[in-house]
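*Asks:* File my_file03.tsv below, TSV, C-alpha atoms:
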chain	number	residue	atom	x	y	z
F	1	MET	CA	13.11	2.76	20.75
F	2	PRO	CA	13.77	-0.68	19.18
F	3	LEU	CA	10.89	-3.10	19.08
F	4	HIS	CA	11.49	-6.37	20.89
F	5	ILE	CA	9.05	-9.13	20.27
F	6	ILE	CA	9.30	-11.67	23.02
F	7	THR	CA	6.70	-14.19	22.12
F	8	SER	CA	7.11	-17.76	23.23
F	9	GLU	CA	5.51	-21.11	22.68
F	10	ASP	CA	2.51	-21.23	24.92
F	11	LYS	CA	-0.74	-23.01	25.42
F	12	GLN	CA	-2.47	-19.80	24.39
F	13	PRO	CA	-0.22	-18.51	21.61
F	14	LEU	CA	-2.88	-16.14	20.31
F	15	SER	CA	-2.72	-14.21	23.57
F	16	PHE	CA	0.66	-12.88	22.42
F	17	MET	CA	-0.83	-11.20	19.37
F	18	PRO	CA	-0.53	-7.68	20.89
F	19	GLN	CA	3.19	-7.93	20.12
F	20	LEU	CA	2.59	-8.77	16.48
F	21	VAL	CA	-0.53	-6.84	15.53
F	22	LEU	CA	0.10	-3.10	15.75
F	23	ALA	CA	-1.92	-0.02	14.90
F	24	VAL	CA	-0.81	2.20	12.02
F	25	GLY	CA	-0.93	5.95	12.52
F	26	ARG	CA	0.21	9.25	11.15
F	27	ILE	CA	1.82	11.97	13.20
F	28	THR	CA	-0.25	15.15	13.06
F	29	PRO	CA	0.12	18.45	14.90
F	30	SER	CA	-2.40	17.16	17.45
F	31	GLY	CA	-0.74	13.78	18.00
F	32	VAL	CA	-0.89	10.37	16.37
F	33	SER	CA	-4.00	9.86	14.27
F	34	LEU	CA	-4.88	6.16	14.04
F	35	LEU	CA	-5.36	4.84	10.51
F	36	GLY	CA	-5.82	1.08	10.78
F	37	THR	CA	-4.14	-2.22	11.64
F	38	SER	CA	-0.91	-3.93	10.60
F	39	PHE	CA	0.78	-7.20	11.51
F	40	ALA	CA	4.34	-8.48	11.46
F	41	VAL	CA	5.24	-10.58	8.44
F	42	ALA	CA	9.03	-10.68	8.73
F	43	ARG	CA	11.78	-9.00	10.70
F	44	GLY	CA	11.10	-5.26	10.46
F	45	LYS	CA	8.20	-5.71	8.06
F	46	PHE	CA	4.48	-5.24	8.61
F	47	ALA	CA	1.56	-5.79	6.27
F	48	THR	CA	-1.42	-3.48	6.03
F	49	THR	CA	-3.75	-2.27	3.30
F	50	LYS	CA	-2.91	0.38	0.74
F	51	HIS	CA	-5.96	2.40	1.68
F	52	VAL	CA	-4.82	2.61	5.31
F	53	THR	CA	-1.71	4.51	4.18
F	54	ASN	CA	-3.14	6.10	1.03
F	55	GLY	CA	0.24	5.24	-0.51
F	56	ASP	CA	1.85	8.09	1.42
F	57	ASP	CA	4.47	7.32	4.07
F	58	SER	CA	5.14	10.85	5.26
F	59	ASN	CA	4.92	10.88	9.08
F	60	LEU	CA	3.68	7.30	9.00
F	61	VAL	CA	4.23	5.26	12.18
F	62	ILE	CA	3.31	2.01	13.84
F	63	VAL	CA	2.17	2.20	17.43
F	64	LEU	CA	4.29	0.11	19.77
F	65	PRO	CA	2.49	-2.55	21.80
F	66	ARG	CA	1.25	-1.35	25.15
F	67	TYR	CA	0.48	-4.83	26.41
F	68	GLN	CA	2.40	-8.09	26.23
F	69	THR	CA	-0.63	-10.36	26.03
F	70	LEU	CA	-4.34	-10.21	25.34
F	71	LEU	CA	-4.93	-11.54	28.85
F	72	GLU	CA	-4.24	-8.11	30.29
F	73	TYR	CA	-6.97	-5.49	30.68
F	74	GLN	CA	-6.41	-2.79	28.07
F	75	ASP	CA	-6.93	0.61	29.65
F	76	THR	CA	-9.28	2.53	27.34
F	77	SER	CA	-8.57	5.81	29.12
F	78	ASP	CA	-4.82	5.53	28.46
F	79	LYS	CA	-4.22	7.62	25.34
F	80	SER	CA	-0.41	7.55	25.54
F	81	VAL	CA	1.36	5.94	22.63
F	82	SER	CA	4.93	5.26	21.60
F	83	HIS	CA	5.64	4.76	17.95
F	84	LEU	CA	8.19	3.81	15.34
F	85	ASP	CA	8.67	5.50	11.99
F	86	VAL	CA	7.90	3.25	9.05
F	87	LYS	CA	8.33	3.53	5.30
F	88	ILE	CA	6.37	1.88	2.52
F	89	VAL	CA	8.58	-0.65	0.75
F	90	ALA	CA	6.01	-2.44	-1.40
F	91	ILE	CA	2.49	-1.55	-2.50
F	92	ASP	CA	-0.19	-3.03	-4.74
F	93	PRO	CA	-3.19	-0.70	-5.20
F	94	PHE	CA	-5.22	-3.34	-7.07
F	95	LYS	CA	-5.10	-5.92	-4.29
F	96	ASP	CA	-4.98	-3.13	-1.70
F	97	ILE	CA	-1.81	-4.38	-0.02
F	98	CYS	CA	1.00	-2.36	1.49
F	99	ILE	CA	4.21	-3.54	3.20
F	100	LEU	CA	5.78	-1.25	5.78
F	101	SER	CA	9.34	-1.42	6.99
F	102	THR	CA	11.23	-0.19	10.03
F	103	ASP	CA	14.93	-0.45	10.81
F	104	ASP	CA	14.24	-0.49	14.54
F	105	MET	CA	13.22	-4.08	15.02
F	106	ASP	CA	15.83	-6.41	16.42
F	107	SER	CA	14.11	-9.72	15.94
F	108	VAL	CA	10.74	-11.30	15.53
F	109	ASN	CA	9.36	-14.66	16.53
F	110	LEU	CA	6.25	-14.97	14.44
F	111	LEU	CA	3.60	-17.14	16.02
F	112	TYR	CA	2.20	-17.90	12.60
F	113	ARG	CA	3.28	-18.69	9.09
F	114	LEU	CA	1.90	-16.99	6.03
F	115	GLY	CA	-0.53	-19.21	4.21
F	116	GLY	CA	-3.39	-18.32	1.93
F	117	THR	CA	-7.11	-18.66	1.41
F	118	ASP	CA	-6.57	-22.02	-0.32
F	119	ASP	CA	-5.90	-23.38	3.19
F	120	VAL	CA	-9.41	-22.74	4.52
F	121	LEU	CA	-12.78	-24.05	3.44
F	122	PRO	CA	-16.18	-22.43	3.87
F	123	GLY	CA	-17.07	-23.18	7.48
F	124	SER	CA	-13.47	-23.17	8.74
F	125	PRO	CA	-13.05	-21.39	12.10
F	126	VAL	CA	-10.78	-18.36	11.99
F	127	ALA	CA	-9.86	-15.46	14.27
F	128	THR	CA	-9.20	-11.86	13.33
F	129	PHE	CA	-7.10	-9.37	15.29
F	130	SER	CA	-7.50	-5.65	14.72
F	131	PHE	CA	-8.33	-2.24	16.15
F	132	PRO	CA	-12.06	-1.63	15.54
F	133	HIS	CA	-13.32	1.94	16.00
F	134	ALA	CA	-9.82	3.37	15.57
F	135	ASP	CA	-11.54	6.20	13.70
F	136	HIS	CA	-12.69	7.38	17.13
F	137	GLY	CA	-9.18	7.06	18.58
F	138	ARG	CA	-9.97	3.77	20.30
F	139	LEU	CA	-6.86	1.62	20.60
F	140	VAL	CA	-8.09	-1.78	21.74
F	141	LEU	CA	-6.67	-4.85	20.03
F	142	THR	CA	-9.67	-7.09	19.65
F	143	GLN	CA	-10.01	-10.75	18.71
F	144	HIS	CA	-13.08	-11.77	16.75
F	145	ASP	CA	-13.76	-15.47	16.27
F	146	THR	CA	-15.76	-16.26	13.17
F	147	HIS	CA	-16.03	-18.61	10.21
F	148	VAL	CA	-15.22	-18.51	6.53
F	149	GLY	CA	-18.45	-17.95	4.64
F	150	ALA	CA	-17.27	-18.26	1.05
F	151	ARG	CA	-14.29	-18.20	-1.27
F	152	VAL	CA	-14.63	-15.52	-3.93
F	153	LEU	CA	-12.75	-13.91	-6.77
F	154	ILE	CA	-13.11	-10.14	-6.80
F	155	GLU	CA	-12.07	-7.95	-9.68
F	156	ALA	CA	-10.08	-4.73	-9.44
F	157	GLY	CA	-9.26	-2.79	-12.58
F	158	GLY	CA	-9.56	-5.89	-14.74
F	159	LEU	CA	-7.49	-8.10	-12.42
F	160	LYS	CA	-9.11	-10.84	-10.35
F	161	SER	CA	-7.73	-11.97	-7.00
F	162	LYS	CA	-8.64	-14.51	-4.32
F	163	TYR	CA	-10.63	-13.43	-1.28
F	164	ILE	CA	-12.68	-15.05	1.43
F	165	ILE	CA	-15.87	-13.75	2.98
F	166	LEU	CA	-15.93	-13.72	6.77
F	167	ASN	CA	-19.27	-14.07	8.54
F	168	THR	CA	-18.62	-11.08	10.74
F	169	GLN	CA	-19.18	-7.37	10.71
F	170	ALA	CA	-16.11	-5.15	10.47
F	171	ARG	CA	-15.69	-1.51	11.46
F	172	PRO	CA	-13.22	1.28	10.59
F	173	GLY	CA	-9.76	0.53	11.92
F	174	GLN	CA	-9.92	-3.18	11.19
F	175	SER	CA	-8.41	-2.93	7.72
F	176	GLY	CA	-5.01	-4.62	7.71
F	177	GLY	CA	-5.89	-7.06	10.47
F	178	PRO	CA	-4.65	-10.65	10.04
F	179	VAL	CA	-7.05	-13.56	9.73
F	180	ILE	CA	-5.70	-16.65	11.49
F	181	ASN	CA	-6.62	-20.20	10.60
F	182	LEU	CA	-7.19	-21.69	14.05
F	183	GLU	CA	-6.46	-25.20	12.82
F	184	ASP	CA	-2.81	-24.58	11.97
F	185	MET	CA	-1.99	-21.04	13.19
F	186	SER	CA	-1.38	-19.68	9.71
F	187	VAL	CA	-2.36	-16.25	8.45
F	188	VAL	CA	-4.75	-16.96	5.61
F	189	GLY	CA	-5.65	-13.40	4.78
F	190	MET	CA	-5.91	-9.74	5.68
F	191	ILE	CA	-9.07	-7.71	6.26
F	192	ILE	CA	-9.76	-5.27	3.44
F	193	GLY	CA	-13.31	-4.05	4.06
F	194	ALA	CA	-16.96	-4.90	3.71
F	195	TYR	CA	-19.05	-5.70	0.69
F	196	THR	CA	-20.95	-2.69	-0.46
F	197	PRO	CA	-23.27	-2.56	-3.46
F	198	SER	CA	-22.21	-0.24	-6.26
F	199	THR	CA	-25.73	1.05	-6.71
F	200	GLY	CA	-28.24	2.63	-4.39
F	201	GLY	CA	-26.23	5.59	-3.11
F	202	THR	CA	-24.85	6.22	0.35
F	203	MET	CA	-26.99	6.49	3.43
F	204	LEU	CA	-25.27	7.78	6.54
F	205	PHE	CA	-26.85	7.24	9.94
F	206	GLY	CA	-24.92	8.62	12.90
F	207	GLY	CA	-21.87	8.89	10.66
F	208	VAL	CA	-22.12	5.21	9.71
F	209	ASP	CA	-22.70	4.10	6.13
F	210	THR	CA	-25.66	1.78	6.57
F	211	ARG	CA	-24.64	-0.24	3.51
F	212	THR	CA	-21.75	-1.65	5.56
F	213	LEU	CA	-23.92	-2.93	8.40
F	214	HIS	CA	-23.87	-6.62	7.56
F	215	GLN	CA	-21.73	-9.71	8.03
F	216	THR	CA	-19.93	-9.86	4.69
F	217	THR	CA	-16.32	-8.90	5.31
F	218	HIS	CA	-13.80	-9.11	2.46
F	219	VAL	CA	-10.39	-10.65	3.19
F	220	ILE	CA	-7.56	-10.78	0.63
F	221	SER	CA	-5.52	-14.00	0.47
F	222	ALA	CA	-2.21	-13.83	2.36
F	223	GLU	CA	-0.49	-15.62	-0.52
F	224	TYR	CA	-0.13	-12.24	-2.23
F	225	LEU	CA	1.81	-10.85	0.72
F	226	LYS	CA	4.56	-13.42	0.29
F	227	GLU	CA	5.65	-12.09	-3.10
F	228	MET	CA	5.90	-8.56	-1.69
F	229	ILE	CA	8.11	-9.25	1.35
C	1	MET	CA	29.49	8.90	-15.19
C	2	ALA	CA	26.29	8.34	-17.16
C	3	THR	CA	24.49	10.60	-19.63
C	4	PHE	CA	20.78	10.82	-20.30
C	5	GLU	CA	21.46	9.61	-23.83
C	6	GLU	CA	22.93	6.39	-22.43
C	7	ILE	CA	20.13	5.99	-19.92
C	8	PHE	CA	17.40	6.24	-22.53
C	9	THR	CA	18.62	3.49	-24.79
C	10	GLY	CA	17.66	-0.14	-25.12
C	11	ASN	CA	14.42	-2.03	-25.34
C	12	GLU	CA	11.51	-0.10	-23.88
C	13	THR	CA	10.25	-3.11	-21.93
C	14	GLU	CA	13.46	-3.07	-19.90
C	15	TRP	CA	11.83	-0.34	-17.82
C	16	ILE	CA	9.01	-2.71	-16.84
C	17	ASP	CA	11.48	-5.53	-16.22
C	18	ALA	CA	13.29	-3.27	-13.75
C	19	LEU	CA	10.25	-3.20	-11.45
C	20	PRO	CA	9.74	-5.70	-8.60
C	21	VAL	CA	8.14	-8.92	-9.87
C	22	TYR	CA	4.73	-8.34	-8.27
C	23	GLN	CA	4.44	-4.89	-9.89
C	24	ARG	CA	5.85	-6.11	-13.20
C	25	ASN	CA	3.25	-8.87	-13.38
C	26	ILE	CA	0.37	-6.44	-12.88
C	27	ILE	CA	1.70	-4.00	-15.47
C	28	ASN	CA	2.23	-6.81	-18.00
C	29	VAL	CA	-1.34	-8.08	-17.54
C	30	LEU	CA	-2.76	-4.59	-18.09
C	31	VAL	CA	-0.56	-4.05	-21.16
C	32	ALA	CA	-1.65	-7.45	-22.51
C	33	GLN	CA	-5.27	-6.31	-22.14
C	34	GLY	CA	-4.49	-3.73	-24.80
C	35	LYS	CA	-4.09	-0.66	-22.60
C	36	LEU	CA	-1.64	2.04	-23.65
C	37	TYR	CA	1.21	2.80	-21.25
C	38	ASP	CA	-0.40	6.06	-20.12
C	39	GLU	CA	-3.68	4.24	-19.53
C	40	VAL	CA	-1.89	1.62	-17.44
C	41	ALA	CA	-0.25	4.37	-15.40
C	42	ILE	CA	-3.58	6.07	-14.78
C	43	ALA	CA	-5.16	2.71	-13.88
C	44	TRP	CA	-2.36	2.13	-11.34
C	45	LEU	CA	-2.87	5.51	-9.70
C	46	SER	CA	-6.66	5.28	-9.62
C	47	ALA	CA	-6.86	1.66	-8.42
C	48	SER	CA	-8.52	1.48	-5.04
C	49	GLY	CA	-8.68	-2.19	-4.15
C	50	PRO	CA	-11.35	-4.74	-4.95
C	51	ALA	CA	-14.66	-3.76	-6.50
C	52	ASN	CA	-17.73	-3.28	-4.31
C	53	THR	CA	-15.68	-3.10	-1.14
C	54	PHE	CA	-16.02	-0.44	1.53
C	55	PRO	CA	-12.54	0.12	3.01
C	56	PHE	CA	-12.19	0.05	6.79
C	57	GLY	CA	-9.28	2.36	7.22
C	58	THR	CA	-10.05	5.57	9.08
C	59	GLN	CA	-9.14	8.17	6.45
C	60	GLY	CA	-10.68	9.08	3.13
C	61	SER	CA	-8.84	8.26	-0.06
C	62	SER	CA	-6.81	10.71	-2.05
C	63	GLU	CA	-5.44	10.28	-5.53
C	64	VAL	CA	-2.08	11.13	-7.03
C	65	PHE	CA	-2.83	12.68	-10.39
C	66	PHE	CA	-1.01	11.35	-13.41
C	67	GLU	CA	-0.46	14.74	-15.01
C	68	LYS	CA	1.07	16.15	-11.82
C	69	LEU	CA	3.44	13.21	-11.69
C	70	VAL	CA	4.44	13.63	-15.34
C	71	GLU	CA	5.09	17.31	-14.69
C	72	GLU	CA	7.54	16.40	-11.94
C	73	ILE	CA	9.24	13.77	-14.11
C	74	GLU	CA	9.54	16.45	-16.80
C	75	GLU	CA	11.09	18.80	-14.27
C	76	PHE	CA	13.58	16.11	-13.29
C	77	LEU	CA	14.55	15.23	-16.87
C	78	CYS	CA	14.17	18.53	-18.69
C	79	GLY	CA	14.17	21.26	-16.05
C	80	LYS	CA	16.99	23.31	-14.65
C	81	ASP	CA	15.58	24.82	-11.49
C	82	ARG	CA	14.65	21.88	-9.31
C	83	TYR	CA	16.05	18.38	-8.69
C	84	THR	CA	19.54	19.66	-9.53
C	85	GLU	CA	21.24	17.65	-6.80
C	86	ASP	CA	19.17	14.52	-7.50
C	87	ARG	CA	20.03	14.72	-11.20
C	88	LYS	CA	23.70	15.20	-10.42
C	89	LYS	CA	23.69	12.26	-8.03
C	90	LEU	CA	22.06	10.03	-10.63
C	91	LEU	CA	24.43	10.96	-13.43
C	92	THR	CA	27.63	10.90	-11.38
C	93	GLY	CA	26.82	8.00	-9.10
C	94	ALA	CA	27.34	4.29	-9.50
C	95	GLU	CA	26.04	2.54	-12.62
C	96	ALA	CA	22.74	4.10	-13.64
C	97	THR	CA	20.80	0.91	-14.29
C	98	LYS	CA	17.11	1.10	-15.15
C	99	THR	CA	16.30	0.16	-11.54
C	100	VAL	CA	18.55	2.92	-10.18
C	101	VAL	CA	17.01	5.50	-12.54
C	102	ILE	CA	13.42	4.58	-11.59
C	103	SER	CA	14.32	4.57	-7.93
C	104	SER	CA	16.20	7.90	-8.06
C	105	ILE	CA	13.40	9.74	-9.86
C	106	SER	CA	10.70	8.17	-7.67
C	107	LEU	CA	12.52	9.05	-4.45
C	108	ALA	CA	13.10	12.63	-5.60
C	109	ILE	CA	9.54	13.42	-6.65
C	110	ALA	CA	7.62	11.31	-4.10
C	111	PRO	CA	7.47	14.02	-1.40
C	112	VAL	CA	6.29	16.60	-3.95
C	113	VAL	CA	3.31	14.47	-5.01
C	114	HIS	CA	2.61	13.28	-1.43
C	115	ALA	CA	3.20	9.62	-2.17
C	116	SER	CA	5.78	6.97	-1.37
C	117	ALA	CA	8.45	6.10	-3.92
C	118	PRO	CA	7.37	2.42	-4.31
C	119	TYR	CA	3.84	3.59	-5.11
C	120	ILE	CA	4.81	5.88	-7.97
C	121	ALA	CA	7.73	3.77	-9.29
C	122	PRO	CA	5.60	1.84	-11.85
C	123	VAL	CA	4.21	5.11	-13.20
C	124	VAL	CA	7.72	6.55	-13.49
C	125	ALA	CA	8.79	3.40	-15.38
C	126	LEU	CA	5.84	3.70	-17.78
C	127	VAL	CA	6.56	7.36	-18.50
C	128	LEU	CA	10.24	6.55	-19.08
C	129	ILE	CA	9.18	4.07	-21.77
C	130	THR	CA	7.72	6.97	-23.73
C	131	VAL	CA	10.84	9.05	-23.08
C	132	THR	CA	12.97	6.19	-24.43
C	133	LYS	CA	10.77	5.79	-27.50
C	134	LEU	CA	11.00	9.48	-28.41
C	135	GLY	CA	14.41	10.31	-27.01
C	136	ARG	CA	14.78	12.67	-24.06
C	137	ASN	CA	15.24	15.85	-26.10
C	138	ALA	CA	12.23	15.15	-28.30
C	139	TRP	CA	10.11	14.24	-25.27
C	140	CYS	CA	11.08	17.43	-23.46
C	141	ALA	CA	10.32	19.47	-26.59
C	142	MET	CA	6.96	17.72	-26.94
C	143	ARG	CA	6.06	18.52	-23.34
C	144	ARG	CA	7.02	22.19	-23.83
C	145	GLU	CA	4.90	22.33	-26.98
C	146	GLN	CA	1.93	20.73	-25.21
C	147	LYS	CA	2.16	23.31	-22.46
C	148	ARG	CA	2.37	26.18	-24.94
C	149	ASN	CA	-0.76	24.91	-26.67
C	150	LEU	CA	-2.54	24.59	-23.35
C	151	HIS	CA	-1.67	28.19	-22.49
C	152	LYS	CA	-2.88	29.36	-25.90
C	153	ASP	CA	-6.15	27.51	-25.47
C	154	ALA	CA	-6.62	28.99	-22.03
C	155	GLU	CA	-6.02	32.53	-23.31
C	156	GLN	CA	-8.51	32.17	-26.19
Could you show the structure in this file as C-alpha cells?
*Replies:*
Amino acid sequence: MPLHIITSEDKQPLSFMPQLVLAVGRITPSGVSLLGTSFAVARGKFATTKHVTNGDDSNLVIVLPRYQTLLEYQDTSDKSVSHLDVKIVAIDPFKDICILSTDDMDSVNLLYRLGGTDDVLPGSPVATFSFPHADHGRLVLTQHDTHVGARVLIEAGGLKSKYIILNTQARPGQSGGPVINLEDMSVVGMIIGAYTPSTGGTMLFGGVDTRTLHQTTHVISAEYLKEMI
Amino acid sequence: MATFEEIFTGNETEWIDALPVYQRNIINVLVAQGKLYDEVAIAWLSASGPANTFPFGTQGSSEVFFEKLVEEIEEFLCGKDRYTEDRKKLLTGAEATKTVVISSISLAIAPVVHASAPYIAPVVALVLITVTKLGRNAWCAMRREQKRNLHKDAEQ
C-alpha cells in the first residue's frame, strides 16, 4: 500500500506529525515487533538510529500511520498495524544514524526543514515526537515539550560529533524521534538515548536500568542527516 | 567483460574514494589517526554510537564479526562453491568500477552475515585494499595458509 502524506499548512502544524513520524519494526513469526521511531526526511526516506535497526534490514518495516493528526484519540487497545518494507540505504555507526528507504511513497510534504543543533541555544523550547514504551508493544505517538539543556560534543571511537542535551527523560522506543525547534519548525536533532555513566555497573529495577532514570537525553545534530540523504 | 586482475589494479585509496562521502570521511579520519585498515574495519563494525549513552531502541545490540565478513569476502573472491552467480554477474556485467565491485560483494554477502549492504560496504572496501596490495591470487593463498595454520594449532 503506497504511503500518502497529506499534510497541509495549518495553525497547528505539529498535529500532523503522525503522518511523518512512524514506528520502525521487524516482522517476526508472531507479528511486527516494534524497534523504535523514524521520521520522514525526504520522499521515500526516513531517518532513525543505527541501533534501532542493528544495521540489519531483513524483514525491516515502517508502520503506516493509523491517525491523521495528533488531535485524535489513539486507541491503545488497537494492535492492528499496516506496514511498508524498508531497506537501509545509508548508515553511520559512530554517530548512530541510519537512513531507511521505501519505493512505496508517492510524495511527501514535510512540515519541517532539516536544521542542526547550531540553530538552538541552551534554554530554547523544543518538542520531540516518538513512541515511548514501544518495547512493551505500545504504539502511541507522543509529543514531549522540553528545553535544550546544553550543547555538547560526544566522542565515539575517536570521532567527536555535535549533540544537545534535552531536559527530559526518554524511554525505550524513543530512539530515532525528531526534535523540533518550535521557533522555526526545523528538525534540529534526533533522539539517540540517555546519558549513562561508564562506571558503577548496571542496576535493573523492574526491568529498568536505574542509571537511565534522569533528565539527560542525548540528541545528535540533524546536520549529519543531510549528508546521508 | 572484466577480470579480477583488472579489478584489483590502481591506487589502493581508490577503494575508499568509491564509498559515499560521509563514510569516506570517517574512514579517512580513522586512517589519519594511524589505525591500520583492518583496525579501521573492526572499529567500524564495533562502533555503537556516542560514548556513555544508553540507547533507547527496543532490541539488544548484535555485532557483525570482522573475521566472519572476511571469510565471506574470501569465498566470493577465491571460492568456487558459493557466490557463483554473483561473481559471474560482476565479471560479465557493465563496467566493474570500484563502486560496482564494493556494492556487488556487499549485496551478495550481506544476508549471510545478517547485515545490510551499506553497513558492511566500508569493511568490504578496506579488505579489498589489502587484496589490491597483495594481488588476488597471493591474498587467496595467504588466507588458505592462515586457515591451515589455524587447523594445525587447533589439532596440537
*Asks:* Go through chain F residue by residue and, counting all atoms listed in the file, keep those with an atom at most 6 Å from chain C; for each kept residue give the shortest atom pair and its distance in Å to one decimal, ordered by chain and increasing number, as a Markdown table.
*Replies:*
| residue | atom | partner | partner_atom | distance |
| --- | --- | --- | --- | --- |
| F:Leu35 | CA | C:Thr58 | CA | 5.0 |
| F:Gly36 | CA | C:Gly57 | CA | 5.1 |
| F:Val52 | CA | C:Gly57 | CA | 4.9 |
| F:Gly55 | CA | C:Ala115 | CA | 5.5 |
| F:Asp56 | CA | C:Ala115 | CA | 4.1 |
| F:Asp57 | CA | C:Ser116 | CA | 5.6 |
| F:Ala90 | CA | C:Pro118 | CA | 5.8 |
| F:Ile91 | CA | C:Tyr119 | CA | 5.9 |
| F:Pro93 | CA | C:Ala47 | CA | 5.4 |
| F:Phe94 | CA | C:Gly49 | CA | 4.7 |
| F:Lys95 | CA | C:Gly49 | CA | 5.2 |
| F:Asp96 | CA | C:Gly49 | CA | 4.5 |
| F:Asp135 | CA | C:Thr58 | CA | 4.9 |
| F:Ile154 | CA | C:Pro50 | CA | 6.0 |
| F:Glu155 | CA | C:Pro50 | CA | 5.8 |
| F:Ala156 | CA | C:Pro50 | CA | 4.7 |
| F:Pro172 | CA | C:Phe56 | CA | 4.1 |
| F:Gly173 | CA | C:Gly57 | CA | 5.1 |
| F:Gln174 | CA | C:Phe56 | CA | 5.9 |
| F:Ser175 | CA | C:Phe56 | CA | 4.9 |
| F:Gly193 | CA | C:Pro55 | CA | 4.4 |
| F:Ala194 | CA | C:Phe54 | CA | 5.1 |
| F:Tyr195 | CA | C:Thr53 | CA | 4.6 |
| F:Thr196 | CA | C:Asn52 | CA | 5.1 |
| F:Pro197 | CA | C:Asn52 | CA | 5.7 |
| F:Ser198 | CA | C:Asn52 | CA | 5.8 |
*Asks:* Which value, in Å to one decimal, gives the distance between atom CA of F:Val219 and atom CA of F:Asp103?
*Replies:* 28.3 Å
*Asks:* Using all atoms listed in the file, find the one residue out of F:Val32, F:Val61, F:Val188, F:Leu110 that sits nearest to F:Ser80.
*Replies:*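 Closest to F:Ser80 of all the choices is F:Val32.
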*Asks:* Give the answer as one residue: which of C:Ala94, C:Ala18, C:Met1, C:Ile73 has the shortest atom-to-atom distance to C:Val131, using only C-alpha atoms?
*Replies:* C:Ile73
*Asks:* Tell me, in Å to one decimal, how far atom CA of F:Leu182 is from atom CA of F:Leu20.
*Replies:*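 Taking atom CA of F:Leu182 as the start and atom CA of F:Leu20 as the end point, the length is 16.4 Å.
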*Asks:* In Å, with one decimal, what is the gap from atom CA of F:Met190 to atom CA of F:Thr48?
*Replies:* 7.7 Å
*Asks:* For C:Ala108, work out the shell of residues within 9 Å, counting only C-alpha atoms and skipping chain neighbours fewer than 2 positions away, then give it as number ranges by chain.
*Replies:* C: 76, 83, 86, 103-106, 110-112, 117
*Asks:* So that I can check the surroundings of stretch 141-148 of chain C, please list as a ChimeraX atom specification every protein, DNA and RNA residue that reaches within 12 Å of it, counting only C-alpha atoms and ignoring chain neighbours fewer than 3 positions away.
*Replies:* /C:67,70-75,77-79,130-131,134-138,151-155
*Asks:* Please provide as a ChimeraX atom specification all residues within 7 Å of C:Lys98, with the sequence filter that same-chain residues fewer than 2 positions apart are discarded (counting only C-alpha atoms).
*Replies:* /C:15,18,96,100-102
*Asks:* Restricting the calculation to only C-alpha atoms, which member of F:Ile220, F:Ala42, F:Val140, F:Met228 is positioned closest to F:Val108?
*Replies:*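 That would be F:Ala42, the residue with the smallest distance to F:Val108.
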*Asks:* What's around F:Ser82 at 9 Å? Count only C-alpha atoms, leave out sequence neighbours fewer than 4 positions away in its own chain, and write the answer as a ChimeraX atom specification.
*Replies:* /F:1,62-66
*Asks:* Which residue is closest to F:Ser38? Choose from F:Lys50, F:Arg151, F:Lys79, F:Arg138 and count all atoms listed in the file.
*Replies:*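 The shortest atom-to-atom distance to F:Ser38 comes from F:Lys50.
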*Asks:* Could you model N, CA, C and O atoms for stretch 55-64 of chain F and present them as a PDB file, in the coordinates of the input?
*Replies:*
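Contents of part00.pdb, as written:
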ATOM      1  N   GLY F  55      -0.974   5.240   0.317  1.00  0.00           N
ATOM      2  CA  GLY F  55       0.240   5.240  -0.510  1.00  0.00           C
ATOM      3  C   GLY F  55       1.235   6.315  -0.133  1.00  0.00           C
ATOM      4  O   GLY F  55       2.207   6.536  -0.836  1.00  0.00           O
ATOM      5  N   ASP F  56       1.003   6.967   0.992  1.00  0.00           N
ATOM      6  CA  ASP F  56       1.850   8.090   1.420  1.00  0.00           C
ATOM      7  C   ASP F  56       2.494   7.737   2.758  1.00  0.00           C
ATOM      8  O   ASP F  56       1.784   7.469   3.734  1.00  0.00           O
ATOM      9  N   ASP F  57       3.817   7.714   2.804  1.00  0.00           N
ATOM     10  CA  ASP F  57       4.470   7.320   4.070  1.00  0.00           C
ATOM     11  C   ASP F  57       5.052   8.504   4.830  1.00  0.00           C
ATOM     12  O   ASP F  57       5.850   8.307   5.752  1.00  0.00           O
ATOM     13  N   SER F  58       4.643   9.715   4.476  1.00  0.00           N
ATOM     14  CA  SER F  58       5.140  10.850   5.260  1.00  0.00           C
ATOM     15  C   SER F  58       4.500  10.817   6.655  1.00  0.00           C
ATOM     16  O   SER F  58       3.289  10.682   6.788  1.00  0.00           O
ATOM     17  N   ASN F  59       5.351  10.904   7.667  1.00  0.00           N
ATOM     18  CA  ASN F  59       4.920  10.880   9.080  1.00  0.00           C
ATOM     19  C   ASN F  59       4.150   9.620   9.456  1.00  0.00           C
ATOM     20  O   ASN F  59       3.326   9.627  10.376  1.00  0.00           O
ATOM     21  N   LEU F  60       4.395   8.553   8.732  1.00  0.00           N
ATOM     22  CA  LEU F  60       3.680   7.300   9.000  1.00  0.00           C
ATOM     23  C   LEU F  60       4.401   6.531  10.120  1.00  0.00           C
ATOM     24  O   LEU F  60       5.636   6.448  10.129  1.00  0.00           O
ATOM     25  N   VAL F  61       3.642   5.975  11.038  1.00  0.00           N
ATOM     26  CA  VAL F  61       4.230   5.260  12.180  1.00  0.00           C
ATOM     27  C   VAL F  61       3.427   3.993  12.481  1.00  0.00           C
ATOM     28  O   VAL F  61       2.273   3.863  12.059  1.00  0.00           O
ATOM     29  N   ILE F  62       4.067   3.080  13.213  1.00  0.00           N
ATOM     30  CA  ILE F  62       3.310   2.010  13.840  1.00  0.00           C
ATOM     31  C   ILE F  62       3.368   2.250  15.349  1.00  0.00           C
ATOM     32  O   ILE F  62       4.380   2.730  15.874  1.00  0.00           O
ATOM     33  N   VAL F  63       2.273   1.959  15.990  1.00  0.00           N
ATOM     34  CA  VAL F  63       2.170   2.200  17.430  1.00  0.00           C
ATOM     35  C   VAL F  63       2.702   0.983  18.173  1.00  0.00           C
ATOM     36  O   VAL F  63       2.240  -0.145  17.934  1.00  0.00           O
ATOM     37  N   LEU F  64       3.661   1.223  19.043  1.00  0.00           N
ATOM     38  CA  LEU F  64       4.290   0.110  19.770  1.00  0.00           C
ATOM     39  C   LEU F  64       3.286  -0.550  20.713  1.00  0.00           C
ATOM     40  O   LEU F  64       2.396   0.121  21.253  1.00  0.00           O
TER      41      LEU F  64
END
